[in-house]
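Have a look at work28.txt below; it lists compact mmCIF, C-alpha atoms (C1' of nucleotides).
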```
# COMPACT_ATOMS: atom_id res chain seq x y z
CA MET W 1 0.00 0.00 0.00
CA THR W 2 2.75 2.51 -0.78
CA GLU W 3 2.60 3.12 -4.52
CA SER W 4 3.35 6.80 -5.01
CA GLU W 5 1.38 7.78 -8.05
CA ILE W 6 2.12 11.26 -9.35
CA TYR W 7 -0.69 13.69 -9.99
CA THR W 8 0.41 16.30 -12.53
CA GLU W 9 -1.27 19.67 -12.49
CA THR W 10 -2.92 18.83 -15.82
CA ARG W 11 -4.37 15.70 -14.35
CA LEU W 12 -5.59 17.46 -11.22
CA VAL W 13 -7.26 20.15 -13.32
CA GLU W 14 -8.91 17.44 -15.38
CA MET W 15 -10.15 15.69 -12.25
CA MET W 16 -11.58 18.96 -11.02
CA HIS W 17 -13.27 19.64 -14.33
CA ASN W 18 -14.85 16.19 -14.33
CA ALA W 19 -16.04 16.79 -10.79
CA GLY W 20 -17.47 20.19 -11.67
CA VAL W 21 -15.08 22.25 -9.56
CA ARG W 22 -13.43 25.39 -10.90
CA PRO W 23 -9.67 24.79 -10.77
CA SER W 24 -8.53 28.00 -9.16
CA VAL W 25 -4.84 28.42 -8.40
CA GLN W 26 -5.42 27.86 -4.70
CA ARG W 27 -7.61 24.80 -5.14
CA VAL W 28 -5.11 23.16 -7.48
CA ALA W 29 -2.31 23.86 -5.01
CA ILE W 30 -4.30 22.40 -2.14
CA LEU W 31 -5.42 19.31 -4.04
CA SER W 32 -1.89 18.79 -5.32
CA HIS W 33 -0.55 18.95 -1.79
CA ILE W 34 -3.03 16.32 -0.63
CA ALA W 35 -2.58 14.11 -3.71
CA ASN W 36 1.19 14.25 -4.07
CA LEU W 37 2.69 14.83 -0.63
CA ARG W 38 0.41 12.19 0.84
CA LYS W 39 0.96 13.18 4.40
CA HIS W 40 -2.76 13.23 5.17
CA PRO W 41 -2.41 16.81 6.33
CA THR W 42 -4.59 18.93 8.57
CA ALA W 43 -5.98 22.23 7.27
CA ASP W 44 -3.32 24.02 9.26
CA GLU W 45 -0.52 21.92 7.82
CA ILE W 46 -1.74 22.62 4.31
CA PHE W 47 -1.84 26.33 5.11
CA ASN W 48 1.67 26.33 6.57
CA ASP W 49 3.15 24.25 3.78
CA LEU W 50 1.67 26.44 1.06
CA LYS W 51 2.04 29.95 2.43
CA ALA W 52 5.64 30.25 1.25
CA ALA W 53 4.68 29.54 -2.36
CA TYR W 54 1.32 31.34 -2.11
CA PRO W 55 1.82 34.26 0.26
CA THR W 56 -1.77 35.48 -0.01
CA MET W 57 -3.21 32.09 0.89
CA SER W 58 -5.49 32.27 3.88
CA ARG W 59 -6.54 29.63 6.34
CA THR W 60 -10.16 30.22 5.40
CA THR W 61 -9.35 29.42 1.78
CA VAL W 62 -7.92 26.09 2.86
CA TYR W 63 -11.11 25.28 4.74
CA ASN W 64 -13.29 26.51 1.88
CA SER W 65 -11.33 24.54 -0.68
CA VAL W 66 -11.20 21.23 1.14
CA HIS W 67 -14.95 21.48 1.64
CA VAL W 68 -15.58 22.22 -2.01
CA LEU W 69 -13.27 19.35 -2.97
CA MET W 70 -15.01 17.07 -0.49
CA ASP W 71 -18.46 17.91 -1.83
CA ALA W 72 -17.12 17.12 -5.29
CA GLY W 73 -15.88 13.74 -4.09
CA LEU W 74 -12.19 14.48 -4.63
CA VAL W 75 -11.14 14.73 -1.01
CA LYS W 76 -12.07 12.74 2.08
CA GLU W 77 -11.86 13.64 5.75
CA LEU W 78 -10.04 11.32 8.13
CA GLU W 79 -11.34 11.50 11.69
CA ILE W 80 -8.32 9.67 13.03
CA GLU W 81 -7.09 12.28 15.49
CA SER W 82 -9.43 14.04 17.87
CA GLY W 83 -9.56 17.78 17.42
CA ASN W 84 -7.72 17.73 14.10
CA MET W 85 -9.30 16.81 10.83
CA HIS W 86 -6.94 15.23 8.30
CA TYR W 87 -7.49 15.16 4.55
CA ASP W 88 -6.84 12.44 2.00
CA LEU W 89 -7.41 12.02 -1.72
CA ALA W 90 -10.77 10.32 -2.22
CA PRO W 91 -10.57 8.61 -5.62
CA GLN W 92 -8.20 5.89 -4.53
CA PRO W 93 -8.54 2.16 -3.97
CA ARG W 94 -10.25 1.49 -0.63
CA HIS W 95 -7.71 1.52 2.14
CA SER W 96 -7.44 1.97 5.88
CA HIS W 97 -5.15 4.17 7.95
CA PHE W 98 -2.60 3.68 10.68
CA MET W 99 -1.56 6.56 12.92
CA CYS W 100 1.68 6.28 14.90
CA ARG W 101 1.07 7.46 18.44
CA ARG W 102 4.67 8.70 18.70
CA CYS W 103 5.53 10.47 15.42
CA ARG W 104 1.86 11.12 14.58
CA ARG W 105 2.40 10.15 10.96
CA ILE W 106 -0.46 8.48 9.11
CA PHE W 107 0.24 5.46 6.89
CA ASP W 108 -2.00 3.88 4.27
CA MET W 109 -2.89 0.26 4.96
CA ALA W 110 -4.91 -2.41 3.23
CA MET W 111 -8.67 -2.67 3.67
CA PRO W 112 -9.93 -6.15 4.50
CA ALA W 113 -12.47 -7.09 1.86
CA VAL W 114 -15.10 -8.69 4.09
CA MET W 115 -15.64 -5.53 6.08
CA PRO W 116 -19.31 -4.52 5.60
CA ASP W 117 -20.45 -8.02 6.59
CA ALA W 118 -20.11 -6.82 10.17
CA VAL W 119 -23.20 -4.67 9.74
CA SER W 120 -26.52 -6.20 10.75
CA GLY W 121 -29.32 -6.55 8.22
CA GLY W 122 -31.53 -3.54 7.57
CA PHE W 123 -28.73 -1.00 7.78
CA SER W 124 -27.50 0.69 4.64
CA VAL W 125 -23.79 1.50 4.64
CA ASP W 126 -22.45 4.63 2.93
CA THR W 127 -18.91 4.73 4.28
CA VAL W 128 -16.51 2.45 6.10
CA ASP W 129 -13.60 3.92 8.06
CA LEU W 130 -10.97 1.73 9.60
CA TYR W 131 -8.32 3.28 11.82
CA PHE W 132 -5.37 1.59 13.48
CA LYS W 133 -3.19 3.20 16.11
CA GLY W 134 0.09 2.07 17.53
CA LEU W 135 3.78 2.41 16.73
CA CYS W 136 5.31 2.58 13.27
CA PRO W 137 8.47 0.57 12.49
CA GLU W 138 10.75 3.60 12.93
CA CYS W 139 9.29 4.52 16.30
CA ILE W 140 9.58 0.97 17.61
CA GLU W 141 13.36 1.71 17.16
CA MET O 1 -24.78 -7.20 19.01
CA THR O 2 -27.65 -5.86 21.08
CA GLU O 3 -27.54 -7.75 24.40
CA SER O 4 -28.44 -5.21 27.05
CA GLU O 5 -26.48 -6.27 30.05
CA ILE O 6 -27.34 -4.41 33.24
CA TYR O 7 -24.64 -2.81 35.32
CA THR O 8 -25.81 -2.41 38.92
CA GLU O 9 -24.29 0.30 41.04
CA THR O 10 -22.56 -2.38 43.13
CA ARG O 11 -21.00 -3.83 40.03
CA LEU O 12 -19.89 -0.45 38.72
CA VAL O 13 -18.31 0.39 42.08
CA GLU O 14 -16.53 -2.94 42.02
CA MET O 15 -15.25 -2.29 38.50
CA MET O 16 -13.97 1.08 39.62
CA HIS O 17 -12.27 -0.42 42.66
CA ASN O 18 -10.55 -3.02 40.53
CA ALA O 19 -9.42 -0.30 38.16
CA GLY O 20 -8.13 1.85 41.00
CA VAL O 21 -10.63 4.68 40.61
CA ARG O 22 -12.41 6.21 43.59
CA PRO O 23 -16.13 5.67 43.06
CA SER O 24 -17.45 9.15 43.77
CA VAL O 25 -21.16 9.78 43.39
CA GLN O 26 -20.59 11.70 40.17
CA ARG O 27 -18.27 9.13 38.64
CA VAL O 28 -20.66 6.30 39.37
CA ALA O 29 -23.53 8.28 37.84
CA ILE O 30 -21.49 9.03 34.73
CA LEU O 31 -20.21 5.47 34.29
CA SER O 32 -23.70 4.11 34.90
CA HIS O 33 -25.08 6.41 32.22
CA ILE O 34 -22.50 5.19 29.72
CA ALA O 35 -22.81 1.52 30.71
CA ASN O 36 -26.59 1.26 31.02
CA LEU O 37 -28.13 3.80 28.68
CA ARG O 38 -25.76 2.75 25.91
CA LYS O 39 -26.38 5.72 23.75
CA HIS O 40 -22.68 6.39 23.26
CA PRO O 41 -23.21 9.90 24.60
CA THR O 42 -21.13 13.03 24.22
CA ALA O 43 -19.90 14.84 27.32
CA ASP O 44 -22.64 17.38 26.84
CA GLU O 45 -25.34 14.73 26.59
CA ILE O 46 -24.12 13.12 29.79
CA PHE O 47 -24.21 16.51 31.48
CA ASN O 48 -27.72 17.30 30.28
CA ASP O 49 -29.07 13.86 31.11
CA LEU O 50 -27.67 13.91 34.64
CA LYS O 51 -28.21 17.47 35.76
CA ALA O 52 -31.81 16.84 36.80
CA ALA O 53 -30.78 14.07 39.19
CA TYR O 54 -27.51 15.75 40.19
CA PRO O 55 -28.18 19.49 40.15
CA THR O 56 -24.66 20.43 41.21
CA MET O 57 -23.06 18.41 38.42
CA SER O 58 -20.81 20.52 36.26
CA ARG O 59 -19.68 20.04 32.69
CA THR O 60 -16.07 20.06 33.87
CA THR O 61 -16.81 17.14 36.18
CA VAL O 62 -18.10 15.17 33.23
CA TYR O 63 -14.88 15.85 31.31
CA ASN O 64 -12.73 15.10 34.36
CA SER O 65 -14.58 11.89 35.07
CA VAL O 66 -14.57 10.45 31.59
CA HIS O 67 -10.84 11.09 31.42
CA VAL O 68 -10.21 9.41 34.75
CA LEU O 69 -12.38 6.50 33.64
CA MET O 70 -10.56 6.35 30.32
CA ASP O 71 -7.14 6.29 31.94
CA ALA O 72 -8.41 3.46 34.11
CA GLY O 73 -9.51 1.52 31.04
CA LEU O 74 -13.22 1.61 31.86
CA VAL O 75 -14.31 4.04 29.16
CA LYS O 76 -13.33 4.45 25.53
CA GLU O 77 -13.61 7.45 23.24
CA LEU O 78 -15.34 7.09 19.90
CA GLU O 79 -14.10 9.48 17.25
CA ILE O 80 -17.06 8.77 15.02
CA GLU O 81 -18.42 12.30 14.71
CA SER O 82 -16.16 15.22 14.02
CA GLY O 83 -16.22 17.87 16.70
CA ASN O 84 -18.01 15.68 19.23
CA MET O 85 -16.36 12.98 21.21
CA HIS O 86 -18.63 10.09 22.16
CA TYR O 87 -18.03 7.70 25.05
CA ASP O 88 -18.53 3.97 25.31
CA LEU O 89 -17.92 1.33 27.95
CA ALA O 90 -14.48 -0.17 27.36
CA PRO O 91 -14.56 -3.64 28.94
CA GLN O 92 -16.81 -5.16 26.33
CA PRO O 93 -16.31 -7.69 23.59
CA ARG O 94 -14.60 -6.04 20.60
CA HIS O 95 -17.17 -4.41 18.39
CA SER O 96 -17.50 -1.75 15.74
CA HIS O 97 -19.91 1.17 15.45
CA PHE O 98 -22.49 2.38 12.99
CA MET O 99 -23.69 5.99 13.02
CA CYS O 100 -26.93 6.86 11.25
CA ARG O 101 -26.44 10.01 9.22
CA ARG O 102 -30.07 11.00 9.74
CA CYS O 103 -30.96 10.30 13.40
CA ARG O 104 -27.32 10.45 14.53
CA ARG O 105 -27.75 7.41 16.73
CA ILE O 106 -24.81 5.07 17.17
CA PHE O 107 -25.33 1.30 17.01
CA ASP O 108 -22.98 -1.49 18.09
CA MET O 109 -21.95 -3.83 15.32
CA ALA O 110 -19.80 -6.91 15.04
CA MET O 111 -16.04 -6.68 14.60
CA PRO O 112 -14.65 -8.83 11.80
CA ALA O 113 -12.01 -11.10 13.32
CA VAL O 114 -9.39 -10.83 10.60
CA MET O 115 -9.00 -7.09 11.03
CA PRO O 116 -5.36 -6.45 12.11
CA ASP O 117 -4.11 -8.51 9.15
CA ALA O 118 -4.55 -5.36 7.09
CA VAL O 119 -1.54 -3.82 8.82
CA SER O 120 1.82 -4.23 7.12
CA GLY O 121 4.68 -5.97 8.91
CA GLY O 122 6.76 -3.95 11.33
CA PHE O 123 3.86 -1.95 12.73
CA SER O 124 2.61 -2.64 16.22
CA VAL O 125 -1.13 -2.17 16.66
CA ASP O 126 -2.59 -0.85 19.93
CA THR O 127 -6.14 -0.08 18.89
CA VAL O 128 -8.47 -0.82 16.01
CA ASP O 129 -11.45 1.41 15.34
CA LEU O 130 -14.01 0.55 12.73
CA TYR O 131 -16.77 3.03 11.92
CA PHE O 132 -19.66 2.61 9.53
CA LYS O 133 -21.94 5.42 8.46
CA GLY O 134 -25.20 5.29 6.59
CA LEU O 135 -28.89 4.91 7.37
CA CYS O 136 -30.36 2.81 10.15
CA PRO O 137 -33.44 0.62 9.47
CA GLU O 138 -35.84 3.16 11.00
CA CYS O 139 -34.48 6.04 8.96
CA ILE O 140 -34.69 4.06 5.72
CA GLU O 141 -38.47 4.12 6.53
C1' DA Q 1 -16.37 46.96 -21.40
C1' DT Q 2 -20.05 45.73 -18.23
C1' DT Q 3 -22.31 42.84 -15.68
C1' DA Q 4 -23.03 38.84 -13.08
C1' DA Q 5 -21.34 34.92 -10.61
C1' DC Q 6 -17.82 32.88 -8.11
C1' DT Q 7 -13.60 32.84 -5.16
C1' DT Q 8 -10.52 34.57 -1.86
C1' DT Q 9 -9.38 36.84 2.19
C1' DG Q 10 -9.39 38.80 7.05
C1' DT Q 11 -11.85 39.36 11.06
C1' DA Q 12 -15.16 38.01 14.16
C1' DA Q 13 -17.91 34.36 16.24
C1' DT Q 14 -18.79 29.58 17.79
C1' DG Q 15 -18.29 25.79 20.60
C1' DA Q 16 -15.95 21.63 22.40
C1' DA Q 17 -12.36 20.82 25.34
C1' DT Q 18 -8.75 22.27 28.74
C1' DA Q 19 -6.44 25.01 32.53
C1' DC Q 20 -6.72 26.72 36.77
C1' DA Q 21 -7.80 27.81 41.44
C1' DA Q 22 -11.10 28.05 45.01
C1' DA Q 23 -14.48 25.31 47.44
C1' DT Q 24 -15.99 20.98 48.98
C1' DA Q 25 -15.77 16.20 50.26
C1' DA Q 26 -13.53 12.15 51.79
C1' DG Q 27 -9.77 9.47 54.13
C1' DT Q 28 -6.21 9.25 57.64
C1' DT Q 29 -3.98 9.81 61.94
C1' DA Q 30 -3.92 10.80 66.52
C1' DT N 1 -14.08 13.30 67.13
C1' DA N 2 -10.95 16.67 65.64
C1' DA N 3 -7.23 18.21 62.91
C1' DC N 4 -4.94 17.35 58.95
C1' DT N 5 -3.98 15.78 54.35
C1' DT N 6 -5.29 14.45 49.92
C1' DA N 7 -8.62 13.91 46.21
C1' DT N 8 -12.64 15.62 43.82
C1' DT N 9 -15.82 18.92 42.23
C1' DT N 10 -17.12 23.18 40.47
C1' DG N 11 -17.23 27.75 37.93
C1' DT N 12 -14.79 30.77 35.28
C1' DA N 13 -11.50 31.87 32.04
C1' DT N 14 -8.83 30.32 28.14
C1' DT N 15 -7.50 27.79 24.08
C1' DC N 16 -7.90 26.45 19.56
C1' DA N 17 -9.98 24.24 15.39
C1' DT N 18 -13.56 25.39 12.63
C1' DT N 19 -17.34 28.27 10.73
C1' DA N 20 -19.84 32.68 9.57
C1' DC N 21 -19.76 36.68 7.30
C1' DA N 22 -18.87 40.53 4.34
C1' DA N 23 -15.75 43.08 1.66
C1' DA N 24 -12.39 42.80 -1.98
C1' DG N 25 -10.69 40.49 -5.86
C1' DT N 26 -11.08 37.39 -9.88
C1' DT N 27 -13.08 35.02 -13.72
C1' DA N 28 -16.56 34.10 -17.22
C1' DA N 29 -20.20 35.61 -20.37
C1' DT N 30 -22.64 38.66 -22.98
```
As structure tokens - that is how I would like this structure written.
Amino acid sequence: MTESEIYTETRLVEMMHNAGVRPSVQRVAILSHIANLRKHPTADEIFNDLKAAYPTMSRTTVYNSVHVLMDAGLVKELEIESGNMHYDLAPQPRHSHFMCRRCRRIFDMAMPAVMPDAVSGGFSVDTVDLYFKGLCPECIE
Amino acid sequence: MTESEIYTETRLVEMMHNAGVRPSVQRVAILSHIANLRKHPTADEIFNDLKAAYPTMSRTTVYNSVHVLMDAGLVKELEIESGNMHYDLAPQPRHSHFMCRRCRRIFDMAMPAVMPDAVSGGFSVDTVDLYFKGLCPECIE
DNA sequence: ATTAACTTTGTAATGAATACAAATAAGTTA
DNA sequence: TAACTTATTTGTATTCATTACAAAGTTAAT
């Protein structure tokens, strides 16, 4: 689960077009950050990482943009850390997430296929989120 | 996954003793609410539900108590809804949770046994959280 | 070019959670 | 039981991520 696909700007713009989102400079920068850096960043991390290259970028724009991108199905929220929303690229093969309790990094993991069988009859499942927490190989020493 | 076990006050006090937590009136009331009402409440819901019976109860006491109970391993946080922590009884068979996107209720579900196999080698897993979202039978109509 | 619609930005507001210190309760020792 | 010590509760004040809002800026269309 660690193939690092590259999302060129052209491709990101195309994805946004297909999803009906206007590819503004800021939105492309934010989506590119999420899609290519793959650190599952918080809004604040996105803001801090981008403000050097985009000095006028505001925190509110980051929030606005991730919400627009989420409504368009391009970005997904990870509720893996209380009090801090993390963002991930949505159109990806189903996967789960592991957060290291020491370095706080988030790693992509496989998603067991049988998953929704856990749900009793009569319920209709929209989303499945699987979160692991523990220590990553580096932090185990 | 819907057996409604009853936790008597005596039993809750015993659990707290075993866990090394002083069973104050407030703590017993809060743990009893979580263990017996099983609505996976937020801190605010606990506060509102208990303030009639315990008029001096304060919101801070609810936060203090759930943290003490969590550190003692009796209560577990559910990060199923962004911006609102929910609380569940910890010493229970492993299970997952389903939140209805319409009525916001949280239901206990089974936990597929194979789960931690999704994690790549070298990682050490402490906790596994599985959250489903969708519509519950009642809200489907 | 003008107009209309959308996007960005900064500031102000919200609200869950935490920090803190005073007040209260409970346990301990004599 | 009283005096003392420690733990718990409570209210207020603070923090901080997120949202609301309105003004300024940008883009698209006619």
| request: Would you kindly report the residues of chain O within 12 Å of chain N, using only C-alpha atoms (C1' of nucleotides), as a list in words? | output: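 Contact residues on the first chain: Val21, Arg22, Pro23, Ser24, Val25, Gln26, Arg27, Pro55, Thr56, Met57, Ser58, Arg59, Thr60, Thr61, Val62, Tyr63, Asn64, Ser65, Val68, Ser82 and Gly83 of chain O.
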| task | With a distance threshold of 10 Å and counting all atoms listed in the file, extract the residues of chain O near chain W and express them as a PyMOL selection string. | result | chain O and resi 1+77-85+95-101+107-140
| field | Expected answer as a list in words: chain Q residues within 10 Å of chain W, all atoms listed in the file | value |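 Filtering chain Q at 10 Å from chain W with all atoms listed in the file gives DC6, DT7, DT8, DT9, DG10, DA16 and DA17 of chain Q.
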Kindly compute an axis-aligned box around the listed atoms of stretch 17-20 of chain O, allowing 6 Å on each side, and express its centre and edge lengths in Å to one decimal as AutoDock Vina command-line options.
```
--center_x -10.2 --center_y -0.6 --center_z 40.4 --size_x 16.1 --size_y 16.9 --size_z 16.5
```
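Taking atom CA of W:Leu89 and atom CA of W:Ala52 as endpoints, the distance between them is 22.6 Å.
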| What gap, in Å, lies between atom CA of W:Leu31 and atom CA of W:Cys103? |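 Separating atom CA of W:Leu31 from atom CA of W:Cys103 is a distance of 24.0 Å.
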